[in-house]
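Text of coords.cif, listed as mmCIF, C-alpha atoms:
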```
data_entry
loop_
_atom_site.label_atom_id
_atom_site.label_comp_id
_atom_site.auth_asym_id
_atom_site.auth_seq_id
_atom_site.Cartn_x
_atom_site.Cartn_y
_atom_site.Cartn_z
CA MET M 551 81.48 65.56 182.36
CA VAL M 552 84.13 62.93 181.62
CA VAL M 553 85.20 62.72 185.27
CA ARG M 554 81.58 62.38 186.37
CA TYR M 555 81.01 59.51 183.95
CA VAL M 556 84.12 57.73 185.20
CA ARG M 557 83.04 58.35 188.82
CA TYR M 558 79.51 57.12 188.12
CA SER M 559 80.91 54.06 186.33
CA LEU M 560 83.01 53.16 189.37
CA LEU M 561 80.06 53.77 191.69
CA PHE M 562 77.82 51.68 189.44
CA ILE M 563 80.28 48.77 189.40
CA LEU M 564 80.64 48.83 193.20
CA THR M 565 76.86 49.07 193.65
CA VAL M 566 76.36 46.06 191.35
CA LEU M 567 78.93 44.16 193.43
CA VAL M 568 77.01 44.91 196.63
CA VAL M 569 73.71 43.94 194.96
CA SER M 570 75.21 40.64 193.80
CA LEU M 571 76.41 39.95 197.36
CA ALA M 572 72.96 40.80 198.68
CA LEU M 573 71.48 38.32 196.20
CA GLY M 574 73.67 35.59 197.65
CA TYR M 575 76.58 35.54 195.20
CA GLY M 576 79.95 35.44 196.94
CA SER M 577 81.00 33.86 200.19
CA ARG M 578 80.16 36.81 202.46
CA SER M 579 77.12 38.82 203.42
CA PHE M 580 76.92 42.33 201.90
CA GLU M 581 77.03 43.70 205.47
CA ALA M 582 80.62 42.48 205.74
CA TYR M 583 81.62 45.15 203.20
CA CYS M 584 80.40 48.18 205.18
CA PRO M 585 83.30 50.16 206.69
CA PHE M 586 80.96 51.63 209.31
CA GLY M 587 80.58 48.09 210.67
CA GLY M 588 84.27 48.36 211.59
CA ALA M 589 83.50 51.38 213.78
CA GLU M 590 80.56 49.54 215.34
CA SER M 591 82.75 46.55 216.19
CA LEU M 592 85.62 48.47 217.85
CA TRP M 593 84.23 48.55 221.40
CA GLY M 594 83.24 44.88 221.37
CA LEU M 595 86.71 43.95 220.14
CA TYR M 596 88.32 46.08 222.83
CA THR M 597 86.21 44.79 225.72
CA VAL M 598 85.50 41.13 224.94
CA GLY M 599 87.66 40.50 221.87
CA GLU M 600 84.67 39.59 219.71
CA PHE M 601 82.80 41.16 216.82
CA SER M 602 79.22 42.26 217.35
CA CYS M 603 76.36 40.47 215.57
CA ALA M 604 77.09 39.93 211.85
CA LEU M 605 80.27 42.01 211.74
CA GLY M 606 83.69 40.59 210.97
CA PRO M 607 87.32 41.28 210.11
CA LEU M 608 86.48 42.69 206.66
CA ASN M 609 84.41 45.50 208.21
CA LEU M 610 87.41 46.47 210.32
CA SER M 611 90.00 46.23 207.56
CA LEU M 612 87.79 48.28 205.23
CA LEU M 613 87.37 50.93 207.95
CA VAL M 614 91.16 51.14 208.29
CA ALA M 615 91.49 51.41 204.49
CA VAL M 616 88.80 54.10 204.24
CA VAL M 617 90.33 56.14 207.08
CA GLY M 618 93.70 55.87 205.30
CA LEU M 619 92.09 56.94 202.03
CA THR M 620 90.45 59.89 203.80
CA LEU M 621 93.78 61.03 205.21
CA VAL M 622 95.17 61.00 201.69
CA SER M 623 92.22 62.23 199.67
CA LYS M 624 89.49 63.50 201.99
CA LYS M 625 86.10 61.76 201.70
CA SER M 626 86.86 60.17 198.32
CA PHE M 627 85.17 56.99 199.55
CA CYS M 628 81.86 58.86 199.85
CA GLY M 629 82.07 60.44 196.41
CA TRP M 630 83.69 57.61 194.48
CA ALA M 631 82.66 54.34 196.18
CA CYS M 632 79.67 54.56 198.53
CA PRO M 633 76.43 53.13 197.04
CA ILE M 634 74.33 55.28 199.40
CA GLY M 635 76.20 58.41 198.31
CA PHE M 636 75.60 57.34 194.70
CA ALA M 637 71.87 56.85 195.31
CA SER M 638 71.67 60.22 197.13
CA GLU M 639 73.38 61.99 194.26
CA LEU M 640 71.17 60.39 191.60
CA LEU M 641 68.01 61.12 193.60
CA GLY M 642 69.21 64.71 194.05
CA ARG M 643 69.67 65.11 190.29
CA LEU M 644 66.25 63.54 189.72
CA GLY M 645 64.70 65.91 192.27
CA GLY M 646 66.38 68.88 190.57
CA ARG M 647 65.00 67.80 187.18
CA VAL M 648 61.48 67.06 188.37
CA LEU M 649 61.08 69.95 190.80
CA GLY M 650 63.14 72.43 188.80
CA THR M 651 65.35 73.19 191.77
CA GLN M 652 66.36 71.77 195.15
CA TRP M 653 66.19 73.48 198.49
CA ARG M 654 69.60 74.54 199.74
CA PRO M 655 69.42 75.55 203.40
CA GLY M 656 71.18 78.82 204.26
CA PRO M 657 74.79 78.52 205.48
CA ARG M 658 73.94 78.91 209.18
CA LEU M 659 71.07 76.43 209.19
CA ASP M 660 73.14 74.08 207.02
CA GLN M 661 76.01 74.13 209.53
CA VAL M 662 73.63 73.38 212.41
CA LEU M 663 71.90 70.55 210.52
CA ARG M 664 75.28 69.00 209.67
CA LEU M 665 75.85 68.51 213.40
CA ILE M 666 72.94 66.02 213.56
CA ARG M 667 75.18 63.24 212.25
CA TYR M 668 77.20 63.28 215.48
CA PRO M 669 74.29 62.32 217.77
CA VAL M 670 73.33 59.77 215.09
CA LEU M 671 76.85 58.32 215.29
CA VAL M 672 76.75 58.24 219.09
CA ALA M 673 73.32 56.53 219.05
CA PHE M 674 74.49 53.86 216.56
CA LEU M 675 77.70 53.12 218.47
CA TYR M 676 76.17 53.21 221.96
CA LEU M 677 73.20 50.99 221.12
CA THR M 678 75.37 48.53 219.19
CA TYR M 679 77.89 48.30 222.03
CA LYS M 680 75.15 48.03 224.64
CA SER M 681 73.14 45.31 222.91
CA GLY M 682 75.87 43.48 220.99
CA GLU M 683 73.42 43.49 218.08
CA LEU M 684 73.05 45.74 215.02
CA ILE M 685 69.96 47.07 216.70
CA LEU M 686 69.50 50.09 214.39
CA ARG M 687 69.58 48.04 211.20
CA GLY M 688 65.92 48.84 210.69
CA TYR M 689 66.80 52.53 210.20
CA ASP M 690 69.94 52.07 208.11
CA PRO M 691 69.29 52.74 204.40
CA PHE M 692 72.25 50.57 203.34
CA TYR M 693 70.81 47.56 205.17
CA LEU M 694 67.17 48.22 204.25
CA ILE M 695 67.85 48.64 200.53
CA PHE M 696 70.28 45.77 200.04
CA SER M 697 68.56 43.29 202.35
CA GLY M 698 65.15 44.16 200.91
CA PHE M 699 63.85 45.01 204.40
CA GLY M 700 65.33 41.77 205.72
CA HIS M 701 65.75 40.34 209.22
CA GLY M 702 66.01 43.12 211.80
CA SER M 703 64.04 45.75 209.90
CA ALA M 704 61.47 47.59 211.96
CA GLY M 705 58.34 46.78 209.95
CA ALA M 706 56.31 49.78 208.79
CA VAL M 707 58.68 52.18 210.57
CA SER M 708 61.52 51.08 208.28
CA TYR M 709 59.38 51.88 205.22
CA TYR M 710 58.61 55.33 206.65
CA VAL M 711 62.28 55.95 207.42
CA LEU M 712 63.44 54.95 203.94
CA GLY M 713 60.57 56.93 202.37
CA ALA M 714 61.58 60.01 204.38
CA LEU M 715 65.23 59.61 203.34
CA ILE M 716 64.23 59.32 199.68
CA MET M 717 62.01 62.41 199.97
CA GLY M 718 64.86 64.22 201.71
CA ALA M 719 67.28 63.26 198.91
CA LEU M 720 64.84 64.52 196.26
CA LEU M 721 64.37 67.86 198.04
CA ILE M 722 67.83 68.58 199.50
CA PRO M 723 71.12 67.66 197.79
CA MET M 724 72.90 64.77 199.56
CA PHE M 725 70.39 64.90 202.42
CA PHE M 726 71.47 61.67 204.16
CA CYS M 727 75.21 62.15 203.61
CA ARG M 728 75.18 65.76 204.79
CA TYR M 729 73.02 65.48 207.87
CA LEU M 730 72.68 61.86 208.99
CA CYS M 731 75.49 59.58 207.81
CA PRO M 732 77.35 58.15 210.84
CA LEU M 733 80.30 57.00 208.71
CA GLY M 734 80.63 60.59 207.49
CA ALA M 735 80.85 61.68 211.13
CA VAL M 736 83.59 59.09 211.79
CA LEU M 737 85.58 60.36 208.80
CA ASP M 738 85.15 64.09 209.55
CA PRO M 739 88.35 64.68 211.58
CA PHE M 740 90.43 62.70 209.07
CA SER M 741 88.86 64.55 206.16
CA ARG M 742 89.90 67.93 207.61
CA LEU M 743 93.50 66.72 207.34
CA GLY M 744 93.07 65.25 203.82
CA TRP M 745 96.35 65.58 201.90
CA ILE M 746 94.88 66.03 198.42
CA LYS M 747 92.54 69.04 198.16
CA VAL M 748 90.88 71.19 195.52
CA ALA M 749 92.92 74.38 195.16
CA ARG M 750 91.68 77.68 193.73
CA ASN M 751 93.82 80.21 191.91
CA ALA M 752 92.45 83.44 193.44
CA THR M 753 94.07 85.71 190.84
CA THR M 754 92.32 84.13 187.85
CA CYS M 755 89.06 83.18 189.61
CA THR M 756 86.10 85.38 188.68
CA ASP M 757 84.13 84.47 191.84
CA CYS M 758 81.15 83.44 189.70
CA GLY M 759 80.09 80.76 192.21
CA ILE M 760 79.40 78.09 189.57
CA CYS M 761 81.66 75.76 191.56
CA GLN M 762 79.46 76.04 194.65
CA THR M 763 76.32 75.40 192.59
CA ALA M 764 77.96 72.30 191.07
CA CYS M 765 79.16 70.99 194.45
CA PRO M 766 76.80 68.27 195.74
CA HIS M 767 77.64 69.42 199.27
CA ASP M 768 77.18 73.13 198.53
CA ILE M 769 80.73 74.03 199.58
CA PRO M 770 81.60 77.70 198.80
CA VAL M 771 84.73 76.84 196.79
CA GLN M 772 84.96 80.39 195.36
CA ARG M 773 85.69 81.79 198.83
CA VAL M 774 88.74 79.70 199.74
CA ASP M 775 92.21 79.02 198.40
CA TYR M 776 92.11 75.37 199.42
CA VAL M 777 88.95 73.36 200.10
CA ARG M 778 89.51 72.10 203.64
CA SER M 779 85.81 71.45 204.32
CA ARG M 780 85.28 68.11 206.02
CA ASP M 781 82.42 67.42 203.61
CA CYS M 782 84.48 67.62 200.40
CA THR M 783 84.51 64.24 198.64
CA ASN M 784 86.99 65.29 195.95
CA CYS M 785 84.31 64.41 193.41
CA ALA M 786 85.78 67.03 191.07
CA GLU M 787 82.35 68.39 190.07
CA CYS M 788 83.59 71.92 190.86
CA ILE M 789 86.71 71.47 188.73
CA GLU M 790 84.65 70.25 185.79
CA ALA M 791 82.05 73.02 186.17
CA CYS M 792 84.54 75.89 186.38
CA PRO M 793 84.43 77.86 183.11
CA GLU M 794 87.96 79.24 183.59
CA GLU M 795 90.82 76.99 182.57
CA GLY M 796 93.18 76.02 185.40
CA VAL M 797 91.50 77.99 188.19
CA LEU M 798 90.50 74.91 190.15
CA THR M 799 92.94 72.01 190.39
CA LEU M 800 93.64 69.11 192.67
CA ARG M 801 96.78 69.61 194.71
CA ALA M 802 98.78 67.65 197.22
CA ALA M 803 98.63 70.44 199.77
CA GLY M 804 99.82 68.50 202.80
CA TRP M 805 98.09 67.59 206.04
CA ARG M 806 98.58 70.95 207.71
CA LYS M 807 96.67 74.07 206.79
CA PRO M 808 98.24 75.36 203.56
CA MET X 251 102.08 69.81 193.74
CA LYS X 252 99.37 69.42 191.12
CA ILE X 253 97.61 66.04 191.03
CA SER X 254 95.64 64.61 188.14
CA VAL X 255 91.94 63.99 188.78
CA TRP X 256 92.49 60.47 187.48
CA THR X 257 94.58 59.73 190.56
CA LEU X 258 91.37 59.64 192.60
CA PRO X 259 89.70 56.53 191.17
CA ILE X 260 93.05 54.74 191.32
CA LEU X 261 93.46 55.69 194.99
CA VAL X 262 89.92 54.54 195.79
CA VAL X 263 90.32 51.17 194.07
CA VAL X 264 93.76 50.62 195.66
CA ALA X 265 92.38 51.48 199.13
CA LEU X 266 89.37 49.18 198.81
CA PHE X 267 91.46 46.34 197.43
CA GLY X 268 94.05 46.92 200.17
CA GLY X 269 91.28 46.83 202.78
CA TYR X 270 90.00 43.57 201.32
CA LEU X 271 93.46 41.99 201.51
CA LEU X 272 94.05 43.34 205.01
CA ARG X 273 91.11 41.33 206.40
CA THR X 274 93.33 38.29 206.95
CA ALA X 275 95.40 40.32 209.44
CA VAL X 276 92.47 40.30 211.88
CA ALA X 277 91.21 36.71 211.78
CA ILE X 278 89.08 36.98 214.92
CA PRO X 279 86.25 34.43 215.12
CA THR X 280 82.65 35.43 215.90
CA THR X 281 82.46 32.80 218.64
CA THR X 282 84.98 30.38 220.11
CA VAL X 283 84.05 27.31 222.13
CA GLY X 284 86.64 24.98 223.65
CA THR X 285 90.41 25.12 223.41
CA THR X 286 91.47 25.80 219.84
CA GLN X 287 95.08 24.98 220.73
CA ALA X 288 94.03 21.40 221.45
CA THR X 289 95.76 18.87 219.25
CA GLY X 290 93.39 17.16 216.87
CA ALA X 291 92.20 17.12 213.31
CA LYS X 292 90.64 20.24 211.79
CA LEU X 293 87.48 20.42 209.73
CA GLU X 294 86.28 23.58 208.03
CA CYS X 295 82.63 23.76 207.01
CA VAL X 296 80.68 26.42 205.14
CA VAL X 297 77.33 26.37 206.89
CA SER X 298 74.16 27.97 205.65
CA GLY X 299 72.37 29.48 208.64
CA VAL X 300 75.41 30.83 210.49
CA LYS X 301 74.76 34.51 209.86
CA CYS X 302 75.46 36.39 213.07
CA LYS X 303 76.66 36.00 216.64
CA GLY X 304 73.25 34.69 217.77
CA THR X 305 72.98 31.97 215.12
CA ALA X 306 76.66 31.10 215.65
CA ALA X 307 76.04 30.63 219.38
CA PHE X 308 73.01 28.44 218.64
CA PHE X 309 75.09 26.46 216.14
CA THR X 310 77.84 25.75 218.68
CA SER X 311 75.23 24.84 221.32
CA LEU X 312 74.29 21.84 219.15
CA TYR X 313 77.70 20.35 219.93
CA GLU X 314 77.43 20.61 223.72
CA GLY X 315 78.18 17.17 225.09
CA VAL X 316 79.12 15.73 221.69
CA ASP X 317 82.08 13.46 222.35
CA GLY X 318 85.21 14.12 220.29
CA VAL X 319 84.57 17.78 219.38
CA LEU X 320 87.35 19.67 221.14
CA ALA X 321 86.77 23.20 219.88
CA ILE X 322 84.63 25.18 217.45
CA GLU X 323 85.37 28.57 215.95
CA THR X 324 82.66 30.31 213.90
CA PHE X 325 83.10 33.11 211.39
CA ALA X 326 79.65 34.61 210.81
CA THR X 327 80.50 36.91 207.90
CA GLU X 328 81.96 33.96 206.01
CA HIS X 329 79.25 31.53 207.20
CA LYS X 330 82.07 29.25 208.28
CA ALA X 331 82.80 26.94 211.21
CA VAL X 332 86.17 25.39 212.02
CA PHE X 333 86.10 22.27 214.20
CA THR X 334 89.00 20.82 216.14
CA TYR X 335 88.13 17.17 216.78
CA ASP X 336 89.54 13.83 217.80
CA PRO X 337 89.26 11.54 214.73
CA ALA X 338 89.40 8.48 216.99
CA ARG X 339 86.12 9.54 218.65
CA ILE X 340 84.13 11.32 215.94
CA SER X 341 84.18 11.46 212.14
CA PRO X 342 83.55 14.45 209.83
CA ASP X 343 80.31 12.74 208.70
CA ASP X 344 79.07 12.62 212.29
CA ILE X 345 80.00 16.28 212.83
CA GLU X 346 77.97 17.15 209.73
CA LYS X 347 75.02 15.07 210.95
CA VAL X 348 74.90 17.00 214.25
CA MET X 349 74.59 20.39 212.53
CA GLU X 350 71.99 19.10 210.09
CA GLN X 351 69.74 17.56 212.73
CA GLU X 352 66.23 18.93 213.08
CA VAL X 353 65.74 21.17 216.10
CA LEU X 354 62.63 21.77 218.16
CA LEU X 355 61.20 25.30 217.86
CA ASN X 356 59.07 27.14 220.43
CA ASP X 357 55.91 26.39 218.43
CA GLY X 358 56.58 22.66 218.69
CA SER X 359 57.63 22.18 215.08
CA ARG X 360 60.90 20.57 214.08
CA VAL X 361 63.06 22.11 211.35
CA GLN X 362 66.56 21.82 209.98
CA VAL X 363 68.24 25.17 210.69
CA PHE X 364 71.78 24.56 209.41
CA GLU X 365 73.12 22.88 206.32
CA CYS X 366 76.72 22.04 205.53
CA LEU X 367 77.29 23.48 202.05
CA SER X 368 80.89 22.34 201.76
CA ARG X 369 83.56 20.93 204.01
CA GLN X 370 87.29 20.61 203.95
CA GLU X 371 89.55 18.59 206.17
CA MET X 372 92.65 20.59 207.02
#
```

What would the structure in this file look like if it were written as structure tokens?
Amino acid sequence: MVVRYVRYSLLFILTVLVVSLALGYGSRSFEAYCPFGGAESLWGLYTVGEFSCALGPLNLSLLVAVVGLTLVSKKSFCGWACPIGFASELLGRLGGRVLGTQWRPGPRLDQVLRLIRYPVLVAFLYLTYKSGELILRGYDPFYLIFSGFGHGSAGAVSYYVLGALIMGALLIPMFFCRYLCPLGAVLDPFSRLGWIKVARNATTCTDCGICQTACPHDIPVQRVDYVRSRDCTNCAECIEACPEEGVLTLRAAGWRKP
Amino acid sequence: MKISVWTLPILVVVALFGGYLLRTAVAIPTTTVGTTQATGAKLECVVSGVKCKGTAAFFTSLYEGVDGVLAIETFATEHKAVFTYDPARISPDDIEKVMEQEVLLNDGSRVQVFECLSRQEM
């Protein structure tokens, strides 16, 4: 539990920083701190040498930093820094408490649903490039929450979208991150390479599956020697949950398949 | 090689801080009007109301035909505008007055859209 408290503390501090920016403290808009904005600005920079809408250099430099972090430590940004990931995780825990359990789609359905984030990514990038505006702001939970349904939100539709995402997070663990997050889709290929991975000692592992239950992304850790899954955020929940000492550890396993 | 779990928060903080510092490597303005290489004095203003490419374009349109303003660069995420101007033809006070003028809206009303929150001659 100690690692979780440290992780939640870091997530809480970063969320408070974003809230304070959204309230007008600091010299920049909170949107300037979204690494996905860097991905949205790439085409505009390439074609006309300008950033789209309210995006700027910080979006781009944070995207570079987050991609670098992902190459080193998989999707650590998602598990240790992203306010939306934090909200999803807290809502998931709340849903589990209130409803007694959360729905975990079967492996096949889960794999298919995880592909939805790619068309979402394509839609975000294409429409942003085409219009030069952050045209899908009204459907972006990060913008809706921190702007308080500000300029560019889509009226009642935005409320329905955010309501649906909250319901999804209560019912299915990490609903938005797993199935819809476009930044997650950008990071997927880099995450597969991730240098630091959770490693399992197969000789001492009892295959109890507690690690998979503890994993917010439902990764079957007990079936692999190294967790190469693109969805692993290195949150260390599996390591903390494992009842056997030293079975699960973090290892610098290299970029190639160990 | 075994890695301590405590490496992760350190890596995350270092990456985010590194990304924050790296922003200066890509100092690309949101909009550029005029020739920024022109010789002249520089004035940097933090302007409330410059929030995106659209508002930045409207902001720079206020200076069309204003004598002495040679170039304007806007940085929407920092709500900033950098003017290159000829001090013999226009003063920083006059530049500030232009941005703070009331503008005519479609409904016929007149409002002040931009406000210079701070300025610095460079």

Select residues of chain M: the criterion is any atom within 9 Å of an atom of chain X, counting only C-alpha atoms; output as a CSV table (one decimal) with C-alpha atoms, in the coordinates of the input.
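File written: out.csv
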```csv
chain,number,residue,atom,x,y,z
M,553,VAL,CA,85.2,62.7,185.3
M,556,VAL,CA,84.1,57.7,185.2
M,557,ARG,CA,83.0,58.4,188.8
M,560,LEU,CA,83.0,53.2,189.4
M,577,SER,CA,81.0,33.9,200.2
M,578,ARG,CA,80.2,36.8,202.5
M,579,SER,CA,77.1,38.8,203.4
M,580,PHE,CA,76.9,42.3,201.9
M,581,GLU,CA,77.0,43.7,205.5
M,582,ALA,CA,80.6,42.5,205.7
M,583,TYR,CA,81.6,45.2,203.2
M,599,GLY,CA,87.7,40.5,221.9
M,600,GLU,CA,84.7,39.6,219.7
M,601,PHE,CA,82.8,41.2,216.8
M,602,SER,CA,79.2,42.3,217.4
M,603,CYS,CA,76.4,40.5,215.6
M,604,ALA,CA,77.1,39.9,211.8
M,605,LEU,CA,80.3,42.0,211.7
M,606,GLY,CA,83.7,40.6,211.0
M,607,PRO,CA,87.3,41.3,210.1
M,608,LEU,CA,86.5,42.7,206.7
M,609,ASN,CA,84.4,45.5,208.2
M,610,LEU,CA,87.4,46.5,210.3
M,611,SER,CA,90.0,46.2,207.6
M,612,LEU,CA,87.8,48.3,205.2
M,613,LEU,CA,87.4,50.9,208.0
M,614,VAL,CA,91.2,51.1,208.3
M,615,ALA,CA,91.5,51.4,204.5
M,616,VAL,CA,88.8,54.1,204.2
M,618,GLY,CA,93.7,55.9,205.3
M,619,LEU,CA,92.1,56.9,202.0
M,622,VAL,CA,95.2,61.0,201.7
M,623,SER,CA,92.2,62.2,199.7
M,626,SER,CA,86.9,60.2,198.3
M,627,PHE,CA,85.2,57.0,199.6
M,630,TRP,CA,83.7,57.6,194.5
M,631,ALA,CA,82.7,54.3,196.2
M,682,GLY,CA,75.9,43.5,221.0
M,683,GLU,CA,73.4,43.5,218.1
M,746,ILE,CA,94.9,66.0,198.4
M,784,ASN,CA,87.0,65.3,196.0
M,785,CYS,CA,84.3,64.4,193.4
M,786,ALA,CA,85.8,67.0,191.1
M,799,THR,CA,92.9,72.0,190.4
M,800,LEU,CA,93.6,69.1,192.7
M,801,ARG,CA,96.8,69.6,194.7
M,802,ALA,CA,98.8,67.6,197.2
M,803,ALA,CA,98.6,70.4,199.8
```

To test your reading of the syntax: which residues would the PyMOL selection byres ((chain M and resi 700) around 12) return for the file shown? Reply as a compact mmCIF listing (two decimals) with C-alpha atoms, in the frame of the given file.
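What landed in part.txt:
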```txt
# COMPACT_ATOMS: atom_id res chain seq x y z
CA ALA M 572 72.96 40.80 198.68
CA LEU M 573 71.48 38.32 196.20
CA GLU M 581 77.03 43.70 205.47
CA ARG M 687 69.58 48.04 211.20
CA GLY M 688 65.92 48.84 210.69
CA TYR M 689 66.80 52.53 210.20
CA ASP M 690 69.94 52.07 208.11
CA PRO M 691 69.29 52.74 204.40
CA PHE M 692 72.25 50.57 203.34
CA TYR M 693 70.81 47.56 205.17
CA LEU M 694 67.17 48.22 204.25
CA ILE M 695 67.85 48.64 200.53
CA PHE M 696 70.28 45.77 200.04
CA SER M 697 68.56 43.29 202.35
CA GLY M 698 65.15 44.16 200.91
CA PHE M 699 63.85 45.01 204.40
CA HIS M 701 65.75 40.34 209.22
CA GLY M 702 66.01 43.12 211.80
CA SER M 703 64.04 45.75 209.90
CA ALA M 704 61.47 47.59 211.96
CA GLY M 705 58.34 46.78 209.95
CA SER M 708 61.52 51.08 208.28
CA TYR M 709 59.38 51.88 205.22
```

Set the distance at 12 Å and use only C-alpha atoms: which residues neighbour M:Ile760 once local chain neighbours fewer than 2 positions away are removed? I'd like the list as a count of residues only.
24

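Residue membership of the PyMOL selection byres ((chain M and resi 640-647) around 10) in the shown file amounts to M:Tyr558, M:Ile634, M:Gly635, M:Phe636, M:Ala637, M:Ser638, M:Glu639, M:Val648, M:Leu649, M:Gly650, M:Thr651, M:Gln652, M:Trp653, M:Ile716, M:Met717, M:Gly718, M:Ala719, M:Leu720, M:Leu721, M:Ile722, M:Pro723, M:Met724, M:Phe725, M:Pro766.
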
Explicit residue set for the PyMOL selection byres ((chain X and resi 370) around 8), as a tab-separated table (two decimals) with C-alpha atoms, in the frame of the given file:
```
chain	number	residue	atom	x	y	z
X	293	LEU	CA	87.48	20.42	209.73
X	294	GLU	CA	86.28	23.58	208.03
X	295	CYS	CA	82.63	23.76	207.01
X	368	SER	CA	80.89	22.34	201.76
X	369	ARG	CA	83.56	20.93	204.01
X	371	GLU	CA	89.55	18.59	206.17
X	372	MET	CA	92.65	20.59	207.02
```

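The spacing separating atom CA of M:Gly576 from atom CA of M:Ile563 amounts to 15.3 Å.
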
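Atom CA of M:Arg654 is found 25.6 Å from atom CA of M:Gly744.
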